[in-house]
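File shown: model.cif (mmCIF, C-alpha atoms and all ligand atoms).
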data_model
#
loop_
_atom_site.label_atom_id
_atom_site.label_comp_id
_atom_site.auth_asym_id
_atom_site.auth_seq_id
_atom_site.Cartn_x
_atom_site.Cartn_y
_atom_site.Cartn_z
CA MET A 1 93.74 116.68 94.21
CA CYS A 2 94.35 114.33 91.37
CA GLU A 3 94.28 114.87 87.64
CA LYS A 4 93.20 112.73 84.77
CA THR A 5 96.14 111.49 82.77
CA GLU A 6 96.53 110.77 79.09
CA GLY A 7 98.93 108.82 76.99
CA PHE A 8 99.34 105.79 74.81
CA SER A 9 102.18 103.38 74.45
CA ALA A 10 102.98 102.81 70.79
CA LYS A 11 101.95 99.20 71.23
CA ALA A 12 98.73 100.28 72.83
CA ILE A 13 97.75 102.33 69.79
CA LEU A 14 98.13 99.24 67.67
CA ARG A 15 95.87 97.19 69.91
CA GLY A 16 92.65 96.41 68.15
CA LEU A 17 94.49 96.33 64.85
CA HIS A 18 97.22 93.86 65.76
CA LYS A 19 97.99 91.40 68.46
CA VAL A 20 100.22 92.93 71.12
CA GLU A 21 103.46 91.20 71.95
CA THR A 22 103.18 90.19 75.59
CA LYS A 23 106.32 90.11 77.70
CA VAL A 24 106.14 87.59 80.56
CA ILE A 25 108.47 88.19 83.53
CA LYS A 26 108.85 86.57 86.95
CA ILE A 27 109.07 88.65 90.11
CA LYS A 28 109.31 87.06 93.53
CA GLU A 29 107.56 88.76 96.43
CA GLU A 30 110.45 88.04 98.75
CA ASN A 31 113.12 89.34 96.35
CA ILE A 32 111.68 92.10 94.18
CA ASN A 33 113.47 92.94 90.95
CA TRP A 34 113.13 96.74 90.93
CA GLN A 35 114.27 97.09 87.36
CA TYR A 36 111.34 94.97 86.22
CA ILE A 37 108.98 96.93 88.47
CA GLU A 38 110.22 100.16 86.90
CA GLU A 39 109.69 98.74 83.41
CA ALA A 40 106.16 97.56 84.27
CA GLY A 41 105.31 100.90 85.92
CA ALA A 42 106.48 102.76 82.82
CA ILE A 43 104.17 100.66 80.63
CA ILE A 44 101.17 101.63 82.78
CA ARG A 45 102.19 105.30 82.93
CA ALA A 46 102.35 105.27 79.12
CA GLY A 47 98.81 103.92 78.87
CA GLY A 48 99.65 100.22 78.48
CA LEU A 49 98.37 97.15 80.35
CA VAL A 50 100.19 94.91 82.84
CA ALA A 51 98.72 91.81 84.52
CA PHE A 52 100.12 91.34 88.02
CA PRO A 53 99.81 89.12 91.10
CA THR A 54 97.84 90.12 94.19
CA GLU A 55 96.99 88.14 97.33
CA THR A 56 93.41 87.56 96.07
CA VAL A 57 93.69 86.74 92.34
CA TYR A 58 95.74 88.15 89.44
CA GLY A 59 94.75 91.65 88.30
CA LEU A 60 94.73 93.20 84.82
CA GLY A 61 96.10 96.68 85.44
CA GLY A 62 96.02 100.02 83.66
CA ASP A 63 96.30 103.68 84.75
CA ALA A 64 93.06 104.27 86.70
CA LEU A 65 93.05 108.00 85.93
CA ASN A 66 93.48 107.51 82.19
CA ALA A 67 90.14 106.93 80.47
CA ALA A 68 91.80 105.33 77.46
CA SER A 69 93.62 102.80 79.66
CA SER A 70 90.41 101.73 81.32
CA GLY A 71 88.84 101.40 77.89
CA LYS A 72 91.63 99.05 76.94
CA ILE A 73 91.09 96.91 80.03
CA TYR A 74 87.48 96.29 78.98
CA GLU A 75 88.62 95.51 75.48
CA ALA A 76 91.37 93.11 76.59
CA LYS A 77 88.98 91.21 78.87
CA GLY A 78 86.00 91.35 76.52
CA ARG A 79 84.18 92.87 79.50
CA PRO A 80 80.91 94.81 79.28
CA SER A 81 81.79 98.47 79.85
CA ASP A 82 79.12 98.98 82.55
CA ASN A 83 80.98 96.58 84.85
CA PRO A 84 83.20 98.87 86.96
CA LEU A 85 86.88 98.36 87.78
CA ILE A 86 88.52 98.44 91.21
CA VAL A 87 91.14 101.18 91.75
CA HIS A 88 94.21 99.84 93.57
CA ILE A 89 96.32 102.11 95.78
CA ALA A 90 99.48 101.42 97.77
CA SER A 91 99.21 103.98 100.58
CA MET A 92 96.49 105.71 102.55
CA ASP A 93 97.59 109.21 101.48
CA LYS A 94 96.44 108.40 97.94
CA LEU A 95 92.81 107.80 98.92
CA ALA A 96 91.50 111.32 99.59
CA ALA A 97 92.35 112.57 96.09
CA ILE A 98 90.08 110.10 94.28
CA VAL A 99 87.01 110.18 96.54
CA ARG A 100 84.58 112.93 97.61
CA GLU A 101 84.80 112.08 101.31
CA VAL A 102 86.28 109.36 103.48
CA PRO A 103 83.67 108.24 106.02
CA GLU A 104 84.73 107.32 109.56
CA ALA A 105 83.94 103.65 108.89
CA ALA A 106 86.47 103.63 106.06
CA TYR A 107 89.27 104.77 108.37
CA LYS A 108 88.36 102.05 110.83
CA LEU A 109 88.22 99.35 108.17
CA ALA A 110 91.43 100.55 106.53
CA LYS A 111 93.24 100.49 109.86
CA ARG A 112 92.15 96.91 110.44
CA TYR A 113 92.13 95.36 106.95
CA TRP A 114 94.34 97.41 104.61
CA PRO A 115 96.51 96.38 102.99
CA GLY A 116 94.37 93.31 102.37
CA PRO A 117 91.45 91.68 100.55
CA LEU A 118 88.82 94.36 101.19
CA THR A 119 87.41 96.77 98.58
CA MET A 120 85.51 99.85 99.76
CA ILE A 121 83.12 101.91 97.64
CA PHE A 122 83.13 105.72 97.91
CA ASN A 123 81.61 108.64 96.03
CA LYS A 124 84.18 109.44 93.36
CA ALA A 125 86.18 112.61 92.78
CA ALA A 126 86.01 114.26 89.34
CA CYS A 127 89.47 113.06 88.34
CA VAL A 128 88.35 109.43 88.23
CA PRO A 129 87.14 108.88 84.67
CA ALA A 130 83.68 107.44 84.06
CA GLN A 131 85.37 104.69 82.03
CA THR A 132 87.04 103.41 85.21
CA THR A 133 83.80 103.27 87.20
CA GLY A 134 81.59 101.87 84.46
CA GLY A 135 79.76 105.20 84.33
CA LEU A 136 78.96 105.25 88.07
CA GLU A 137 79.44 108.23 90.39
CA THR A 138 81.06 105.86 92.91
CA VAL A 139 84.51 104.31 92.88
CA ALA A 140 85.73 101.01 94.34
CA VAL A 141 89.15 101.19 96.04
CA ARG A 142 91.44 98.50 97.43
CA MET A 143 94.95 98.43 98.88
CA PRO A 144 96.47 95.01 98.12
CA SER A 145 98.99 93.45 100.50
CA HIS A 146 101.01 91.60 97.85
CA LYS A 147 104.41 93.29 97.73
CA VAL A 148 104.76 93.04 93.96
CA ALA A 149 101.35 94.70 93.56
CA SER A 150 102.16 97.61 95.87
CA ALA A 151 105.58 98.15 94.27
CA LEU A 152 103.93 98.22 90.84
CA ILE A 153 101.19 100.62 91.96
CA GLU A 154 103.79 103.09 93.22
CA ALA A 155 105.92 102.74 90.09
CA ALA A 156 102.80 103.34 87.97
CA GLY A 157 101.99 106.65 89.66
CA GLY A 158 99.74 105.51 92.50
CA TYR A 159 96.47 104.39 90.90
CA ILE A 160 95.99 101.13 89.02
CA ALA A 161 92.54 100.12 87.79
CA ALA A 162 92.37 96.35 87.78
CA PRO A 163 89.66 93.77 87.42
CA SER A 164 90.61 90.10 87.64
CA ALA A 165 93.01 89.09 84.84
CA ASN A 166 90.72 86.63 83.06
CA LEU A 167 88.65 86.85 79.92
CA SER A 168 85.18 88.02 80.90
CA GLY A 169 83.03 85.19 82.26
CA ARG A 170 85.89 82.78 82.97
CA PRO A 171 87.16 81.78 86.43
CA SER A 172 89.53 84.34 87.98
CA PRO A 173 93.18 83.32 87.55
CA THR A 174 95.12 82.29 90.66
CA THR A 175 98.33 81.49 88.76
CA ALA A 176 100.18 83.22 85.89
CA LYS A 177 99.63 80.15 83.68
CA TYR A 178 95.93 80.98 83.43
CA VAL A 179 96.58 84.68 82.90
CA ILE A 180 98.82 83.78 79.97
CA GLU A 181 96.15 81.43 78.62
CA ASP A 182 93.53 84.22 78.63
CA LEU A 183 95.54 87.37 77.96
CA ASP A 184 98.62 86.50 75.90
CA GLY A 185 98.60 88.87 72.93
CA ARG A 186 96.14 91.22 74.66
CA VAL A 187 98.34 92.95 77.26
CA ASP A 188 101.85 94.43 77.19
CA MET A 189 103.23 92.51 80.15
CA ILE A 190 102.32 89.67 82.52
CA ILE A 191 104.12 89.47 85.86
CA ASP A 192 104.32 85.93 87.20
CA GLY A 193 104.43 86.11 90.99
CA GLY A 194 103.48 82.52 91.82
CA GLU A 195 100.24 81.21 93.23
CA ALA A 196 97.72 83.60 94.85
CA ASP A 197 97.46 83.19 98.61
CA ILE A 198 93.71 83.65 99.01
CA GLY A 199 92.35 82.57 95.65
CA LEU A 200 89.03 84.47 95.81
CA GLU A 201 88.40 88.10 94.89
CA SER A 202 88.16 90.76 97.59
CA THR A 203 85.14 91.37 99.79
CA ILE A 204 83.34 94.51 98.51
CA ILE A 205 81.62 96.86 100.94
CA ASP A 206 79.64 99.92 99.87
CA LEU A 207 80.15 102.87 102.24
CA THR A 208 78.09 105.44 100.34
CA GLY A 209 74.74 104.80 102.05
CA ASP A 210 73.53 105.15 105.65
CA VAL A 211 74.38 101.53 106.43
CA PRO A 212 77.46 99.81 104.96
CA VAL A 213 76.42 97.03 102.59
CA ILE A 214 78.41 93.99 101.46
CA LEU A 215 78.11 93.72 97.69
CA ARG A 216 80.41 90.73 97.28
CA PRO A 217 81.35 88.25 100.02
CA GLY A 218 85.02 87.32 100.35
CA TYR A 219 87.77 86.29 102.69
CA ILE A 220 86.92 89.16 105.03
CA THR A 221 83.57 88.03 106.36
CA GLU A 222 80.44 89.86 107.47
CA GLU A 223 81.24 88.94 111.09
CA MET A 224 84.73 90.45 110.79
CA LEU A 225 83.35 93.67 109.31
CA LYS A 226 80.66 93.94 112.00
CA GLU A 227 83.28 93.56 114.68
CA THR A 228 85.06 96.63 113.33
CA ILE A 229 82.22 98.98 112.37
CA GLY A 230 79.02 97.64 113.94
CA ARG A 231 76.02 97.38 111.64
CA VAL A 232 76.65 95.88 108.22
CA ASP A 233 74.02 94.60 105.77
CA THR A 234 74.44 92.18 102.89
CA ASP A 235 72.89 92.79 99.48
CA ARG A 236 70.87 89.55 99.30
CA THR A 237 70.47 89.89 95.53
CA ILE A 238 74.09 88.84 95.16
CA LEU A 239 73.49 85.52 96.87
CA ASP A 240 70.07 84.70 95.50
CA GLY A 241 70.21 84.09 91.78
CA ASN A 242 66.43 84.28 91.47
CA ALA A 243 66.09 87.70 93.08
CA LYS A 244 63.89 90.01 91.01
CA GLN A 245 65.79 93.13 91.99
CA ALA A 246 68.98 94.03 90.12
CA PRO A 247 72.07 93.72 92.34
CA LYS A 248 73.80 96.95 93.34
CA ALA A 249 77.24 95.80 92.21
CA PRO A 250 76.78 96.00 88.45
CA GLY A 251 79.21 93.21 87.60
CA MET A 252 77.18 90.78 89.67
CA LYS A 253 74.51 90.50 87.02
CA TYR A 254 76.87 88.87 84.55
CA ARG A 255 77.60 85.15 84.38
CA HIS A 256 80.91 84.63 86.11
CA TYR A 257 83.59 82.09 86.83
CA ALA A 258 82.02 79.65 84.43
CA PRO A 259 83.97 76.55 83.45
CA LYS A 260 83.41 75.31 79.89
CA GLY A 261 81.59 72.19 81.14
CA ASN A 262 78.08 72.33 82.59
CA LEU A 263 78.41 72.72 86.38
CA VAL A 264 75.66 71.63 88.79
CA LEU A 265 75.73 71.95 92.59
CA VAL A 266 74.25 69.19 94.73
CA GLU A 267 72.97 69.83 98.23
CA GLY A 268 72.02 67.17 100.77
CA THR A 269 73.52 64.78 103.31
CA GLN A 270 76.83 63.22 102.34
CA ALA A 271 75.17 59.87 101.59
CA GLN A 272 72.44 61.49 99.47
CA VAL A 273 74.94 63.56 97.50
CA VAL A 274 77.25 60.62 96.76
CA SER A 275 74.42 58.37 95.69
CA TYR A 276 72.69 61.01 93.55
CA MET A 277 75.88 62.02 91.79
CA ASN A 278 76.94 58.44 91.10
CA GLU A 279 73.56 57.69 89.59
CA GLN A 280 73.98 60.62 87.20
CA LEU A 281 77.63 59.84 86.53
CA ARG A 282 76.82 56.26 85.56
CA GLN A 283 74.32 57.55 83.02
CA TYR A 284 76.83 59.98 81.50
CA LYS A 285 79.42 57.23 81.30
CA LEU A 286 77.04 55.20 79.12
CA GLU A 287 76.68 58.23 76.88
CA ARG A 288 80.49 58.65 76.78
CA ILE A 289 80.27 62.14 78.21
CA LYS A 290 83.35 63.18 80.19
CA THR A 291 82.47 63.91 83.80
CA GLY A 292 84.08 65.65 86.76
CA VAL A 293 83.31 66.03 90.46
CA ILE A 294 84.33 68.74 92.90
CA ALA A 295 84.68 66.68 96.06
CA THR A 296 86.28 67.01 99.47
CA ASP A 297 88.96 64.83 101.07
CA GLU A 298 86.18 63.07 102.97
CA THR A 299 84.35 61.91 99.82
CA LYS A 300 86.83 61.95 96.95
CA ASP A 301 87.21 58.16 96.77
CA ARG A 302 83.51 57.53 96.52
CA TYR A 303 82.67 58.98 93.11
CA LEU A 304 82.59 57.32 89.69
CA ALA A 305 83.55 60.39 87.62
CA ASP A 306 86.35 60.50 85.02
CA SER A 307 88.02 63.33 86.94
CA ILE A 308 87.59 63.81 90.69
CA LYS A 309 89.13 66.84 92.34
CA SER A 310 89.20 67.46 96.04
CA VAL A 311 89.14 71.05 97.28
CA GLY A 312 90.61 69.80 100.57
CA LYS A 313 89.14 69.02 103.97
CA ARG A 314 85.56 70.19 104.36
CA GLU A 315 86.34 72.28 107.43
CA ASP A 316 89.39 73.99 105.88
CA GLU A 317 87.60 76.83 104.11
CA GLU A 318 90.78 78.77 103.38
CA GLN A 319 92.17 75.82 101.45
CA ILE A 320 88.85 75.41 99.59
CA ALA A 321 88.94 79.09 98.61
CA ARG A 322 92.50 78.74 97.34
CA GLN A 323 91.67 75.65 95.26
CA LEU A 324 88.30 76.50 93.75
CA PHE A 325 89.14 78.60 90.68
CA LYS A 326 92.19 76.47 89.90
CA ILE A 327 90.05 73.35 89.89
CA LEU A 328 87.44 74.94 87.60
CA ARG A 329 90.25 75.77 85.17
CA GLU A 330 91.70 72.27 85.38
CA PHE A 331 88.38 70.80 84.31
CA ASP A 332 88.61 73.03 81.25
CA ASP A 333 92.14 71.79 80.53
CA GLU A 334 90.82 68.22 80.71
CA GLU A 335 87.80 69.06 78.54
CA VAL A 336 85.34 67.77 81.12
CA GLN A 337 81.78 68.24 79.83
CA VAL A 338 79.65 67.77 82.93
CA ILE A 339 80.74 68.73 86.46
CA TYR A 340 78.99 68.05 89.76
CA ALA A 341 80.05 69.92 92.89
CA GLU A 342 79.32 69.33 96.54
CA SER A 343 77.84 72.30 98.43
CA PHE A 344 79.38 74.10 101.38
CA GLU A 345 78.26 75.90 104.51
CA SER A 346 77.03 79.42 103.70
CA HIS A 347 78.68 81.41 106.44
CA GLY A 348 82.15 82.78 107.11
CA VAL A 349 84.45 82.28 104.12
CA GLY A 350 81.98 79.58 103.04
CA GLU A 351 79.60 82.35 102.00
CA ALA A 352 82.14 83.57 99.43
CA ILE A 353 82.86 80.03 98.27
CA MET A 354 79.16 79.32 97.72
CA ASN A 355 78.67 82.70 96.03
CA ARG A 356 81.36 81.88 93.44
CA LEU A 357 80.19 78.29 92.98
CA LEU A 358 76.57 79.33 92.47
CA LYS A 359 77.63 81.85 89.84
CA ALA A 360 79.92 79.36 88.15
CA ALA A 361 76.97 76.96 88.03
CA GLY A 362 74.60 79.62 86.69
CA HIS A 363 72.57 78.83 89.86
CA GLN A 364 71.85 75.22 88.83
CA VAL A 365 71.37 73.43 92.15
CA VAL A 366 69.87 70.03 92.95
CA TYR A 367 68.36 69.96 96.45
CA LEU A 368 68.09 66.45 97.87
CA GLN A 369 66.52 67.22 101.21
P1 LIG A 401 86.62 92.15 89.36
O1 LIG A 401 87.81 92.95 89.70
O2 LIG A 401 86.69 91.44 88.07
O3 LIG A 401 86.28 91.25 90.49
O4 LIG A 401 85.44 93.18 89.19
C1 LIG A 401 85.25 94.24 90.03
C2 LIG A 401 83.87 94.20 90.59
O5 LIG A 401 83.79 95.23 91.59
C3 LIG A 401 82.78 94.56 89.61
O6 LIG A 401 82.30 93.43 88.95
C4 LIG A 401 81.70 95.19 90.47
O7 LIG A 401 80.81 94.18 90.89
C5 LIG A 401 82.46 95.70 91.67
N1 LIG A 401 82.53 97.19 91.67
C6 LIG A 401 83.55 97.95 91.23
N2 LIG A 401 83.24 99.27 91.35
C7 LIG A 401 82.02 99.33 91.88
C8 LIG A 401 81.15 100.40 92.25
N3 LIG A 401 81.51 101.67 92.09
N4 LIG A 401 79.93 100.09 92.74
C9 LIG A 401 79.56 98.79 92.92
N5 LIG A 401 80.36 97.74 92.59
C10 LIG A 401 81.55 98.00 92.08
MG MG A 402 86.41 89.34 87.75
#

Represent the supplied structure as structure tokens.
Ligand code: AMP
Ligand code: MG
Amino acid sequence: MCEKTEGFSAKAILRGLHKVETKVIKIKEENINWQYIEEAGAIIRAGGLVAFPTETVYGLGGDALNAASSGKIYEAKGRPSDNPLIVHIASMDKLAAIVREVPEAAYKLAKRYWPGPLTMIFNKAACVPAQTTGGLETVAVRMPSHKVASALIEAAGGYIAAPSANLSGRPSPTTAKYVIEDLDGRVDMIIDGGEADIGLESTIIDLTGDVPVILRPGYITEEMLKETIGRVDTDRTILDGNAKQAPKAPGMKYRHYAPKGNLVLVEGTQAQVVSYMNEQLRQYKLERIKTGVIATDETKDRYLADSIKSVGKREDEEQIARQLFKILREFDDEEVQVIYAESFESHGVGEAIMNRLLKAAGHQVVYLQ
């Protein structure tokens, strides 16, 4: 059993009227400052907001069982309120209280991948407020592996609702610098825990139907999930921007991860891509428009752009995942106006990379072959 909670921090009441004073603290995963964790947990228990590090990206946390806290998360992010939040737990014994039932597949997946970058969707228990689930009867749950995150979740009472700690529509933050940029003055505390290990948001799998369905690809791939539970489908609407059908994960319909510059993906052989991009880049140069390219180590010296950023070696997908959001943010810092990106293989972790890139580009792709 769990119960809805209530409460406001004094600062929280003032939100909306005044800017909140944001305290920024550093906590190292390998040497946790428990006094800080206690302080951060108390803020969340009182209805306030704390941004914190996880192994995927930074999260913007509030008490998941407090409707008012969830409301404040939407407000702080400028997020549409029908885009549900993920509830973060730190131990398996906390799961049963917030869901109607735990299917067998969930136990198998939890045993293999929790704590870790996997979010599972269940039918929700009554104590989970509609504000947390964007009005849905289902709830998304994840158990992060980052030690600062799990310490905070426990100190906060066991349930933290947290979307990524960026302003709605912007790339998810993989370092505290970008959390501060987006959320300073909007949350009570930001915990700086260094750079995120994975750099992409969790894989989301819906376990409420007959067949488990991947709603968002991530570091834990379809192949890995199939190995553990057998049949798994993927909601194709999340990968195909032109799909007529609305995607099942509500947040997926919104523009996401967008840099300020116009981003276009280019698909083709290496030679085709380099020559096409350089042709375009030359033109922009004449027009004095600042350009950027998302390249790989193999091609980075071949482009004519003002700013060329390599995501790493083409075959090192983990490194590409870690770099992607940071690079999108760096182009913003440099005020790049037009960005071209190379495309990547659409399987394994590459599927998640392409999913985020396509969304960041608003599905603008140039196909050269
Ligand atoms: P974020 O933490 O910013 O990556 O956002 C969480 C995402 O999880 C949302 O955008 C939704 O796509 C997804 N999500 C959360 N809860 C549910 C749910 N109950 N059903 C389907 N998708 C969900
Ligand atoms: Mg997000």

(request) Go ahead and compute the interatomic distance for CA of Thr133 in chain A and atom N4 of ligand LIG 401 (chain A), in Å to one decimal. (result) 7.5 Å

(message) Restricting the calculation to all atoms listed in the file: of A:Thr174, A:Cys2, A:Pro103, A:Ala149, which residue gets closest to ligand MG 402 (chain A)?
(response) A:Thr174

Produce a table with one row for each residue of chain A that has an atom at most 8 Å from any atom of ligand MG 402 (chain A), each row naming the nearest atom pair and its distance in Å at one decimal; use only C-alpha atoms and all ligand atoms; arrange rows by chain and rising residue number; format as a tab-separated table.
residue	atom	partner	partner_atom	distance
A:Pro163	CA	A:MG402	MG	5.5
A:Ser164	CA	A:MG402	MG	4.3
A:Ala165	CA	A:MG402	MG	7.2
A:Asn166	CA	A:MG402	MG	6.9
A:Ser168	CA	A:MG402	MG	7.1
A:Gly169	CA	A:MG402	MG	7.7
A:Pro171	CA	A:MG402	MG	7.7
A:Ser172	CA	A:MG402	MG	5.9
A:Glu201	CA	A:MG402	MG	7.5
A:His256	CA	A:MG402	MG	7.4
A:Tyr257	CA	A:MG402	MG	7.8

(request) Residues within 9 Å of ligand LIG 401 (chain A) should be enumerated using all atoms listed in the file and returned as a VMD selection string. (result) chain A and resid 57 59 to 60 83 to 87 119 to 124 132 to 141 161 to 166 168 172 201 to 202 204 to 206 215 to 216 247 to 254

(message) Between A:Ala42, A:Ala76, A:Leu152, A:Met277, which residue has the minimum interatomic distance to Ala90 in chain A, considering all atoms listed in the file?
(response)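 When distances to Ala90 in chain A are compared using all atoms listed in the file, the smallest one comes from A:Leu152.
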
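When all atoms listed in the file are used to measure the gap to Gln369 in chain A, the shortest distance among A:Glu267, A:Glu227, A:Asp306, A:Glu345 belongs to A:Glu267.
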
(request) Rounded to one decimal place, report the CA of Pro115 in chain A-CA of Trp34 in chain A distance in Å. (result) 20.5 Å

(request) Determine the nearest neighbour of Val232 in chain A from the options A:Thr296, A:Pro173, A:Gln337, A:Ala105, counting only C-alpha atoms. (result)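 Among A:Thr296, A:Pro173, A:Gln337, A:Ala105, it is A:Ala105 that comes nearest to Val232 in chain A.
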
(request) Point out the residue among A:His88, A:Lys300, A:Arg288, A:Lys19 with the least atom-to-atom distance to Leu65 in chain A, counting all atoms listed in the file. (result)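 Answer, going by the shortest atom-to-atom distance: A:His88.
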
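Here CA of Leu200 in chain A and CA of Ala321 in chain A stand 6.1 Å from one another.
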
(request) Could you check which of A:Ile220, A:Val336, A:Leu207, A:Ala176 is closest to Trp114 in chain A, using all atoms listed in the file? (result)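 Using all atoms listed in the file, Trp114 in chain A sits closest to A:Ile220.
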
(message) Residues near Gly157 in chain A, anyone? I mean within 7 Å using only C-alpha atoms, not counting same-chain ones fewer than 3 positions away, as a PyMOL selection string.
(response) chain A and resi 45+153-154

(message) Could you list, as a list of chain:residue names, every residue within 8 Å of Val338 in chain A, counting only C-alpha atoms and ignoring same-chain residues fewer than 5 positions away?
(response) A:Gly261, A:Asn262, A:Leu263, A:Ile289, A:Lys290, A:Thr291, A:Gly292
